>>> print(open('input.csv').read())   # CSV, N, CA and C atoms
chain,number,residue,atom,x,y,z
A,10,ALA,N,-102.2,-20.4,50.7
A,10,ALA,CA,-100.9,-20.4,50.0
A,10,ALA,C,-101.2,-20.9,48.5
A,11,VAL,N,-100.6,-20.3,47.6
A,11,VAL,CA,-100.7,-20.7,46.2
A,11,VAL,C,-99.3,-20.6,45.6
A,12,THR,N,-98.9,-21.7,44.8
A,12,THR,CA,-97.7,-21.7,44.1
A,12,THR,C,-97.9,-21.9,42.6
A,13,ASP,N,-97.0,-21.5,41.8
A,13,ASP,CA,-97.1,-21.6,40.4
A,13,ASP,C,-95.7,-21.9,39.8
A,14,GLY,N,-95.1,-23.0,40.2
A,14,GLY,CA,-93.8,-23.4,39.7
A,14,GLY,C,-92.8,-22.3,40.0
A,15,ALA,N,-92.1,-21.9,38.9
A,15,ALA,CA,-91.1,-20.9,39.0
A,15,ALA,C,-91.6,-19.5,39.1
A,16,ALA,N,-92.9,-19.3,38.9
A,16,ALA,CA,-93.5,-17.9,39.0
A,16,ALA,C,-93.7,-17.6,40.5
A,17,SER,N,-94.1,-16.4,40.8
A,17,SER,CA,-94.4,-15.9,42.1
A,17,SER,C,-95.3,-16.9,42.9
A,18,ALA,N,-95.1,-16.9,44.2
A,18,ALA,CA,-96.1,-17.7,45.1
A,18,ALA,C,-96.8,-16.6,45.9
A,19,TRP,N,-97.9,-17.0,46.5
A,19,TRP,CA,-98.7,-16.1,47.3
A,19,TRP,C,-99.2,-16.8,48.5
A,20,LEU,N,-99.3,-15.9,49.6
A,20,LEU,CA,-99.8,-16.4,50.9
A,20,LEU,C,-100.5,-15.3,51.6
A,21,THR,N,-101.6,-15.7,52.3
A,21,THR,CA,-102.3,-14.7,53.1
A,21,THR,C,-102.6,-15.2,54.5
A,22,ASP,N,-102.5,-14.3,55.4
A,22,ASP,CA,-102.9,-14.7,56.8
A,22,ASP,C,-104.3,-14.1,57.1
A,23,GLY,N,-104.9,-13.5,56.1
A,23,GLY,CA,-106.2,-12.8,56.3
A,23,GLY,C,-106.1,-11.4,56.5
A,24,VAL,N,-104.9,-10.9,56.8
A,24,VAL,CA,-104.6,-9.5,57.1
A,24,VAL,C,-103.7,-9.0,56.0
A,25,LEU,N,-102.6,-9.7,55.8
A,25,LEU,CA,-101.6,-9.4,54.8
A,25,LEU,C,-101.6,-10.3,53.6
A,26,LEU,N,-101.3,-9.8,52.5
A,26,LEU,CA,-101.1,-10.7,51.3
A,26,LEU,C,-99.6,-10.6,51.0
A,27,HIS,N,-98.9,-11.8,51.0
A,27,HIS,CA,-97.5,-11.8,50.7
A,27,HIS,C,-97.3,-12.4,49.3
A,28,GLN,N,-96.4,-11.7,48.6
A,28,GLN,CA,-96.0,-12.3,47.3
A,28,GLN,C,-94.5,-12.6,47.4
A,29,PHE,N,-94.2,-13.8,47.0
A,29,PHE,CA,-92.9,-14.4,47.1
A,29,PHE,C,-92.3,-14.4,45.7
A,30,HIS,N,-91.2,-13.7,45.5
A,30,HIS,CA,-90.5,-13.6,44.3
A,30,HIS,C,-89.3,-14.6,44.4
A,31,LEU,N,-89.4,-15.6,43.5
A,31,LEU,CA,-88.4,-16.7,43.6
A,31,LEU,C,-87.2,-16.5,42.6
A,32,PRO,N,-86.1,-17.0,43.0
A,32,PRO,CA,-84.9,-16.8,42.2
A,32,PRO,C,-85.0,-17.8,40.9
A,33,ARG,N,-84.3,-17.3,39.9
A,33,ARG,CA,-84.2,-18.2,38.7
A,33,ARG,C,-83.2,-19.3,39.0
A,34,LEU,N,-83.5,-20.5,38.8
A,34,LEU,CA,-82.6,-21.6,39.1
A,34,LEU,C,-81.6,-21.7,37.9
A,35,PRO,N,-80.3,-22.1,38.2
A,35,PRO,CA,-79.3,-22.2,37.1
A,35,PRO,C,-79.6,-23.4,36.2
A,36,ARG,N,-80.3,-24.4,36.8
A,36,ARG,CA,-80.7,-25.6,36.0
A,36,ARG,C,-81.8,-26.3,36.8
A,37,ILE,N,-82.6,-27.1,36.1
A,37,ILE,CA,-83.6,-27.9,36.7
A,37,ILE,C,-83.3,-29.3,36.4
A,38,VAL,N,-82.9,-30.1,37.4
A,38,VAL,CA,-82.6,-31.5,37.2
A,38,VAL,C,-83.8,-32.4,37.3
A,39,ASN,N,-84.7,-32.1,38.3
A,39,ASN,CA,-85.9,-32.9,38.5
A,39,ASN,C,-86.8,-32.2,39.4
A,40,PRO,N,-88.0,-31.7,38.9
A,40,PRO,CA,-88.9,-31.0,39.8
A,40,PRO,C,-89.8,-31.9,40.6
A,41,LEU,N,-89.8,-33.2,40.3
A,41,LEU,CA,-90.7,-34.1,41.0
A,41,LEU,C,-90.5,-34.1,42.5
A,42,GLY,N,-91.6,-34.0,43.2
A,42,GLY,CA,-91.5,-34.0,44.7
A,42,GLY,C,-91.4,-32.6,45.3
A,43,SER,N,-91.3,-31.6,44.4
A,43,SER,CA,-91.1,-30.2,44.9
A,43,SER,C,-92.3,-29.7,45.7
A,44,GLY,N,-93.5,-30.0,45.3
A,44,GLY,CA,-94.7,-29.6,46.0
A,44,GLY,C,-94.7,-30.2,47.4
A,45,ASP,N,-94.5,-31.5,47.4
A,45,ASP,CA,-94.4,-32.2,48.7
A,45,ASP,C,-93.3,-31.7,49.6
A,46,THR,N,-92.2,-31.4,49.0
A,46,THR,CA,-91.1,-30.8,49.8
A,46,THR,C,-91.5,-29.5,50.4
A,47,ALA,N,-92.1,-28.6,49.6
A,47,ALA,CA,-92.5,-27.3,50.1
A,47,ALA,C,-93.5,-27.5,51.2
A,48,GLY,N,-94.5,-28.3,51.1
A,48,GLY,CA,-95.5,-28.5,52.1
A,48,GLY,C,-94.9,-29.1,53.4
A,49,ALA,N,-94.0,-30.0,53.3
A,49,ALA,CA,-93.3,-30.7,54.5
A,49,ALA,C,-92.5,-29.7,55.2
A,50,VAL,N,-91.7,-28.9,54.5
A,50,VAL,CA,-90.8,-27.9,55.2
A,50,VAL,C,-91.6,-26.8,55.8
A,51,PHE,N,-92.6,-26.3,55.0
A,51,PHE,CA,-93.5,-25.3,55.6
A,51,PHE,C,-94.1,-25.7,56.9
A,52,LEU,N,-94.7,-26.9,56.9
A,52,LEU,CA,-95.3,-27.5,58.1
A,52,LEU,C,-94.3,-27.6,59.3
A,53,SER,N,-93.1,-28.1,58.9
A,53,SER,CA,-92.1,-28.3,59.9
A,53,SER,C,-91.7,-27.0,60.5
A,54,GLU,N,-91.6,-26.0,59.7
A,54,GLU,CA,-91.2,-24.6,60.2
A,54,GLU,C,-92.3,-24.1,61.1
A,55,LEU,N,-93.6,-24.3,60.7
A,55,LEU,CA,-94.7,-23.8,61.5
A,55,LEU,C,-94.7,-24.5,62.9
A,56,VAL,N,-94.5,-25.8,62.9
A,56,VAL,CA,-94.4,-26.5,64.2
A,56,VAL,C,-93.3,-26.0,65.1
A,57,ASN,N,-92.3,-25.5,64.5
A,57,ASN,CA,-91.2,-24.9,65.3
A,57,ASN,C,-91.4,-23.4,65.5
A,58,HIS,N,-92.6,-22.9,65.3
A,58,HIS,CA,-93.0,-21.5,65.6
A,58,HIS,C,-92.3,-20.5,64.8
A,59,THR,N,-91.9,-20.8,63.6
A,59,THR,CA,-91.4,-19.9,62.6
A,59,THR,C,-92.6,-19.0,62.1
A,60,PRO,N,-92.4,-17.7,62.0
A,60,PRO,CA,-93.5,-16.9,61.5
A,60,PRO,C,-94.0,-17.4,60.2
A,61,LEU,N,-95.3,-17.2,59.9
A,61,LEU,CA,-95.9,-17.8,58.8
A,61,LEU,C,-95.2,-17.5,57.4
A,62,ALA,N,-95.0,-16.2,57.1
A,62,ALA,CA,-94.3,-15.9,55.8
A,62,ALA,C,-92.9,-16.5,55.7
A,63,GLU,N,-92.2,-16.5,56.8
A,63,GLU,CA,-90.8,-17.0,56.8
A,63,GLU,C,-90.9,-18.5,56.6
A,64,ALA,N,-91.9,-19.2,57.3
A,64,ALA,CA,-92.0,-20.6,57.1
A,64,ALA,C,-92.3,-21.0,55.7
A,65,PHE,N,-93.2,-20.2,55.0
A,65,PHE,CA,-93.5,-20.5,53.6
A,65,PHE,C,-92.3,-20.3,52.7
A,66,ALA,N,-91.6,-19.3,53.0
A,66,ALA,CA,-90.4,-19.0,52.2
A,66,ALA,C,-89.4,-20.1,52.4
A,67,ALA,N,-89.2,-20.7,53.6
A,67,ALA,CA,-88.3,-21.8,53.8
A,67,ALA,C,-88.8,-23.0,53.0
A,68,GLY,N,-90.1,-23.2,52.9
A,68,GLY,CA,-90.7,-24.3,52.1
A,68,GLY,C,-90.4,-24.1,50.6
A,69,LEU,N,-90.6,-22.9,50.2
A,69,LEU,CA,-90.3,-22.6,48.8
A,69,LEU,C,-88.8,-22.8,48.4
A,70,ALA,N,-88.0,-22.4,49.3
A,70,ALA,CA,-86.5,-22.5,49.1
A,70,ALA,C,-86.2,-24.0,49.0
A,71,ALA,N,-86.7,-24.8,49.9
A,71,ALA,CA,-86.5,-26.3,49.9
A,71,ALA,C,-87.0,-26.9,48.6
A,72,ALA,N,-88.2,-26.5,48.1
A,72,ALA,CA,-88.8,-27.0,46.9
A,72,ALA,C,-87.9,-26.6,45.7
A,73,SER,N,-87.4,-25.4,45.7
A,73,SER,CA,-86.5,-25.0,44.6
A,73,SER,C,-85.2,-25.8,44.7
A,74,ALA,N,-84.7,-26.0,45.9
A,74,ALA,CA,-83.5,-26.9,46.0
A,74,ALA,C,-83.7,-28.3,45.5
A,75,ASN,N,-84.9,-28.8,45.8
A,75,ASN,CA,-85.3,-30.1,45.3
A,75,ASN,C,-85.2,-30.2,43.8
A,76,CYS,N,-85.4,-29.1,43.1
A,76,CYS,CA,-85.3,-29.2,41.6
A,76,CYS,C,-83.9,-29.4,41.1
A,77,LEU,N,-82.9,-29.1,42.0
A,77,LEU,CA,-81.5,-29.3,41.7
A,77,LEU,C,-81.0,-30.7,41.9
A,78,SER,N,-81.8,-31.5,42.5
A,78,SER,CA,-81.5,-32.9,42.8
A,78,SER,C,-82.1,-33.9,41.9
A,79,SER,N,-81.5,-35.0,41.6
A,79,SER,CA,-82.1,-36.0,40.7
A,79,SER,C,-83.1,-36.9,41.5
A,80,ARG,N,-83.1,-36.8,42.8
A,80,ARG,CA,-84.0,-37.7,43.6
A,80,ARG,C,-85.2,-36.9,44.1
A,81,CYS,N,-86.3,-37.5,43.9
A,81,CYS,CA,-87.6,-36.8,44.3
A,81,CYS,C,-87.7,-36.6,45.8
A,82,GLY,N,-88.0,-35.3,46.2
A,82,GLY,CA,-88.2,-35.0,47.6
A,82,GLY,C,-86.9,-34.9,48.4
A,83,ARG,N,-85.8,-34.8,47.7
A,83,ARG,CA,-84.5,-34.7,48.3
A,83,ARG,C,-83.8,-33.4,47.9
A,84,PHE,N,-83.2,-32.8,48.9
A,84,PHE,CA,-82.5,-31.5,48.6
A,84,PHE,C,-81.3,-31.3,49.5
A,85,ASP,N,-80.4,-30.5,49.0
A,85,ASP,CA,-79.2,-30.2,49.9
A,85,ASP,C,-79.6,-29.0,50.7
A,86,PRO,N,-79.6,-29.1,52.0
A,86,PRO,CA,-79.9,-28.0,52.9
A,86,PRO,C,-79.1,-26.7,52.6
A,87,THR,N,-77.9,-26.9,52.2
A,87,THR,CA,-77.1,-25.7,51.8
A,87,THR,C,-77.7,-25.0,50.7
A,88,ASP,N,-78.1,-25.7,49.6
A,88,ASP,CA,-78.8,-25.1,48.5
A,88,ASP,C,-80.0,-24.4,48.9
A,89,ALA,N,-80.8,-25.0,49.8
A,89,ALA,CA,-82.0,-24.3,50.3
A,89,ALA,C,-81.7,-23.0,51.0
A,90,ARG,N,-80.7,-23.0,51.9
A,90,ARG,CA,-80.3,-21.8,52.6
A,90,ARG,C,-79.9,-20.7,51.6
A,91,ILE,N,-79.1,-21.0,50.6
A,91,ILE,CA,-78.7,-20.1,49.6
A,91,ILE,C,-79.9,-19.5,48.8
A,92,LEU,N,-80.8,-20.4,48.4
A,92,LEU,CA,-82.0,-20.0,47.7
A,92,LEU,C,-82.9,-19.1,48.5
A,93,ARG,N,-83.0,-19.5,49.8
A,93,ARG,CA,-83.9,-18.7,50.7
A,93,ARG,C,-83.4,-17.2,50.8
A,94,ARG,N,-82.1,-17.0,50.8
A,94,ARG,CA,-81.6,-15.6,50.8
A,94,ARG,C,-81.9,-14.9,49.5
A,95,GLN,N,-82.3,-15.6,48.5
A,95,GLN,CA,-82.6,-15.0,47.2
A,95,GLN,C,-84.1,-14.7,47.0
A,96,ILE,N,-84.9,-15.3,47.9
A,96,ILE,CA,-86.4,-15.1,47.8
A,96,ILE,C,-86.7,-13.8,48.5
A,97,THR,N,-87.4,-12.9,47.8
A,97,THR,CA,-87.9,-11.7,48.4
A,97,THR,C,-89.4,-11.8,48.6
A,98,ILE,N,-89.8,-11.1,49.6
A,98,ILE,CA,-91.2,-11.1,50.0
A,98,ILE,C,-91.8,-9.7,50.0
A,99,GLU,N,-92.9,-9.5,49.3
A,99,GLU,CA,-93.5,-8.2,49.2
A,99,GLU,C,-94.9,-8.4,49.9
A,100,SER,N,-95.1,-7.6,50.9
A,100,SER,CA,-96.4,-7.7,51.7
A,100,SER,C,-97.2,-6.5,51.6
A,101,THR,N,-98.5,-6.7,51.4
A,101,THR,CA,-99.4,-5.5,51.4
A,101,THR,C,-100.6,-5.9,52.3
A,102,GLN,N,-101.3,-4.8,52.8
A,102,GLN,CA,-102.5,-5.0,53.5
A,102,GLN,C,-103.6,-5.6,52.6
A,103,LEU,N,-104.2,-6.7,53.0
A,103,LEU,CA,-105.2,-7.4,52.1
A,103,LEU,C,-106.3,-6.5,51.7
A,104,GLN,N,-106.9,-5.7,52.6
A,104,GLN,CA,-108.0,-4.8,52.2
A,104,GLN,C,-107.5,-3.8,51.2
A,105,GLU,N,-106.3,-3.2,51.4
A,105,GLU,CA,-105.8,-2.2,50.5
A,105,GLU,C,-105.7,-2.8,49.1
A,106,LYS,N,-105.2,-4.1,49.0
A,106,LYS,CA,-105.1,-4.8,47.7
A,106,LYS,C,-106.5,-4.9,47.1
A,107,ILE,N,-107.5,-5.3,47.8
A,107,ILE,CA,-108.8,-5.5,47.3
A,107,ILE,C,-109.4,-4.2,46.8
A,108,ASP,N,-109.2,-3.1,47.6
A,108,ASP,CA,-109.7,-1.8,47.3
A,108,ASP,C,-109.2,-1.2,45.9
A,109,HIS,N,-108.0,-1.6,45.6
A,109,HIS,CA,-107.3,-1.1,44.4
A,109,HIS,C,-107.6,-1.9,43.2
A,110,GLU,N,-108.3,-3.0,43.3
A,110,GLU,CA,-108.5,-3.9,42.1
A,110,GLU,C,-110.0,-3.8,41.7
>>> encode(input="input.csv", output="structure tokens")
Amino acid sequence: AVTDGAASAWLTDGVLLHQFHLPRLPRIVNPLGSGDTAGAVFLSELVNHTPLAEAFAAGLAAASANCLSSRCGRFDPTDARILRRQITIESTQLQEKIDHE
């Protein structure tokens, strides 16, 4: 998994390459703790058997919601759910992607 702030994030399972298109936030209050939030929620979702790409999207949504809070590593779950619905995932076969580049 690779993130780049507000830019697209990427994840592979070795077969598929997933590109996550993130929504533009209306404001950024404090981005501190967003990476830790993404990792914690991602892992929590995996432990609960959420499919890989969906688990990562949940982590990205929580990280984005964290940017709306003044407290590091804190987010409103409602904000995260709203942001998750705005994240789109584009998936391609990994070998197909390599062959075209």
>>> residues_around(input="input.csv", residues="Asp88 in chain A", least_positions_apart="4", cutoff="6 Å", atoms="only N, CA and C atoms", output="ChimeraX atom specification")
/A:74,92-93
>>> select_by_dssp(input="input.csv", residues="range 20-89 of chain A", states="strand (DSSP E)", output="PyMOL selection string")
chain A and resi 20-21+25-30
>>> closest_residue(input="input.csv", among="A:Val38, A:Leu31, A:Leu20, A:Leu103", to="Ala62 in chain A", atoms="only N, CA and C atoms")
A:Leu20
>>> residues_around(input="input.csv", residues="Thr101 in chain A", least_positions_apart="6", cutoff="7 Å", atoms="only N, CA and C atoms", output="ChimeraX atom specification")
/A:24-28
>>> closest_residue(input="input.csv", among="A:Asp45, A:Asp22, A:Thr12, A:Gly82", to="Leu61 in chain A", atoms="only N, CA and C atoms")
A:Asp22
>>> closest_residue(input="input.csv", among="A:Thr59, A:Ala89, A:Gly68, A:Ala15", to="Ala47 in chain A", atoms="only C-alpha atoms")
A:Gly68
>>> closest_residue(input="input.csv", among="A:Gln102, A:Glu54, A:Ala10, A:Thr46", to="Arg80 in chain A", atoms="only C-alpha atoms")
A:Thr46
>>> atom_distance(input="input.csv", atom1="CA of Asn39 in chain A", atom2="CA of Pro60 in chain A")
29.0 Å
>>> atom_distance(input="input.csv", atom1="CA of Ala71 in chain A", atom2="CA of Glu99 in chain A")
19.4 Å
>>> decode(input="input.csv", residues="range 41-70 of chain A", atoms="C-alpha atoms", output="PDB file, in the first residue's frame")
ATOM      1  CA  LEU A  41      -1.298  15.012  12.093  1.00  0.00           C
ATOM      2  CA  GLY A  42      -1.999  11.393  12.933  1.00  0.00           C
ATOM      3  CA  SER A  43      -3.683  10.624   9.621  1.00  0.00           C
ATOM      4  CA  GLY A  44      -1.137   7.986   8.614  1.00  0.00           C
ATOM      5  CA  ASP A  45      -1.415   6.246  11.968  1.00  0.00           C
ATOM      6  CA  THR A  46      -5.207   6.439  11.725  1.00  0.00           C
ATOM      7  CA  ALA A  47      -5.162   4.910   8.240  1.00  0.00           C
ATOM      8  CA  GLY A  48      -2.940   2.052   9.394  1.00  0.00           C
ATOM      9  CA  ALA A  49      -4.942   1.356  12.551  1.00  0.00           C
ATOM     10  CA  VAL A  50      -8.314   1.290  10.795  1.00  0.00           C
ATOM     11  CA  PHE A  51      -6.900  -0.750   7.886  1.00  0.00           C
ATOM     12  CA  LEU A  52      -5.553  -3.373  10.303  1.00  0.00           C
ATOM     13  CA  SER A  53      -8.752  -3.367  12.357  1.00  0.00           C
ATOM     14  CA  GLU A  54     -10.815  -4.005   9.228  1.00  0.00           C
ATOM     15  CA  LEU A  55      -8.493  -6.823   8.124  1.00  0.00           C
ATOM     16  CA  VAL A  56      -8.782  -8.487  11.548  1.00  0.00           C
ATOM     17  CA  ASN A  57     -12.559  -8.339  11.077  1.00  0.00           C
ATOM     18  CA  HIS A  58     -12.242 -10.122   7.687  1.00  0.00           C
ATOM     19  CA  THR A  59     -13.084  -7.104   5.529  1.00  0.00           C
ATOM     20  CA  PRO A  60     -11.813  -7.666   1.967  1.00  0.00           C
ATOM     21  CA  LEU A  61      -8.378  -6.102   1.395  1.00  0.00           C
ATOM     22  CA  ALA A  62      -9.335  -3.189  -0.898  1.00  0.00           C
ATOM     23  CA  GLU A  63     -12.381  -2.293   1.187  1.00  0.00           C
ATOM     24  CA  ALA A  64     -10.311  -2.407   4.393  1.00  0.00           C
ATOM     25  CA  PHE A  65      -7.767  -0.018   2.880  1.00  0.00           C
ATOM     26  CA  ALA A  66     -10.536   2.304   1.676  1.00  0.00           C
ATOM     27  CA  ALA A  67     -11.935   2.377   5.217  1.00  0.00           C
ATOM     28  CA  GLY A  68      -8.495   3.329   6.518  1.00  0.00           C
ATOM     29  CA  LEU A  69      -8.179   6.079   3.926  1.00  0.00           C
ATOM     30  CA  ALA A  70     -11.622   7.416   4.819  1.00  0.00           C
TER      31      ALA A  70
END
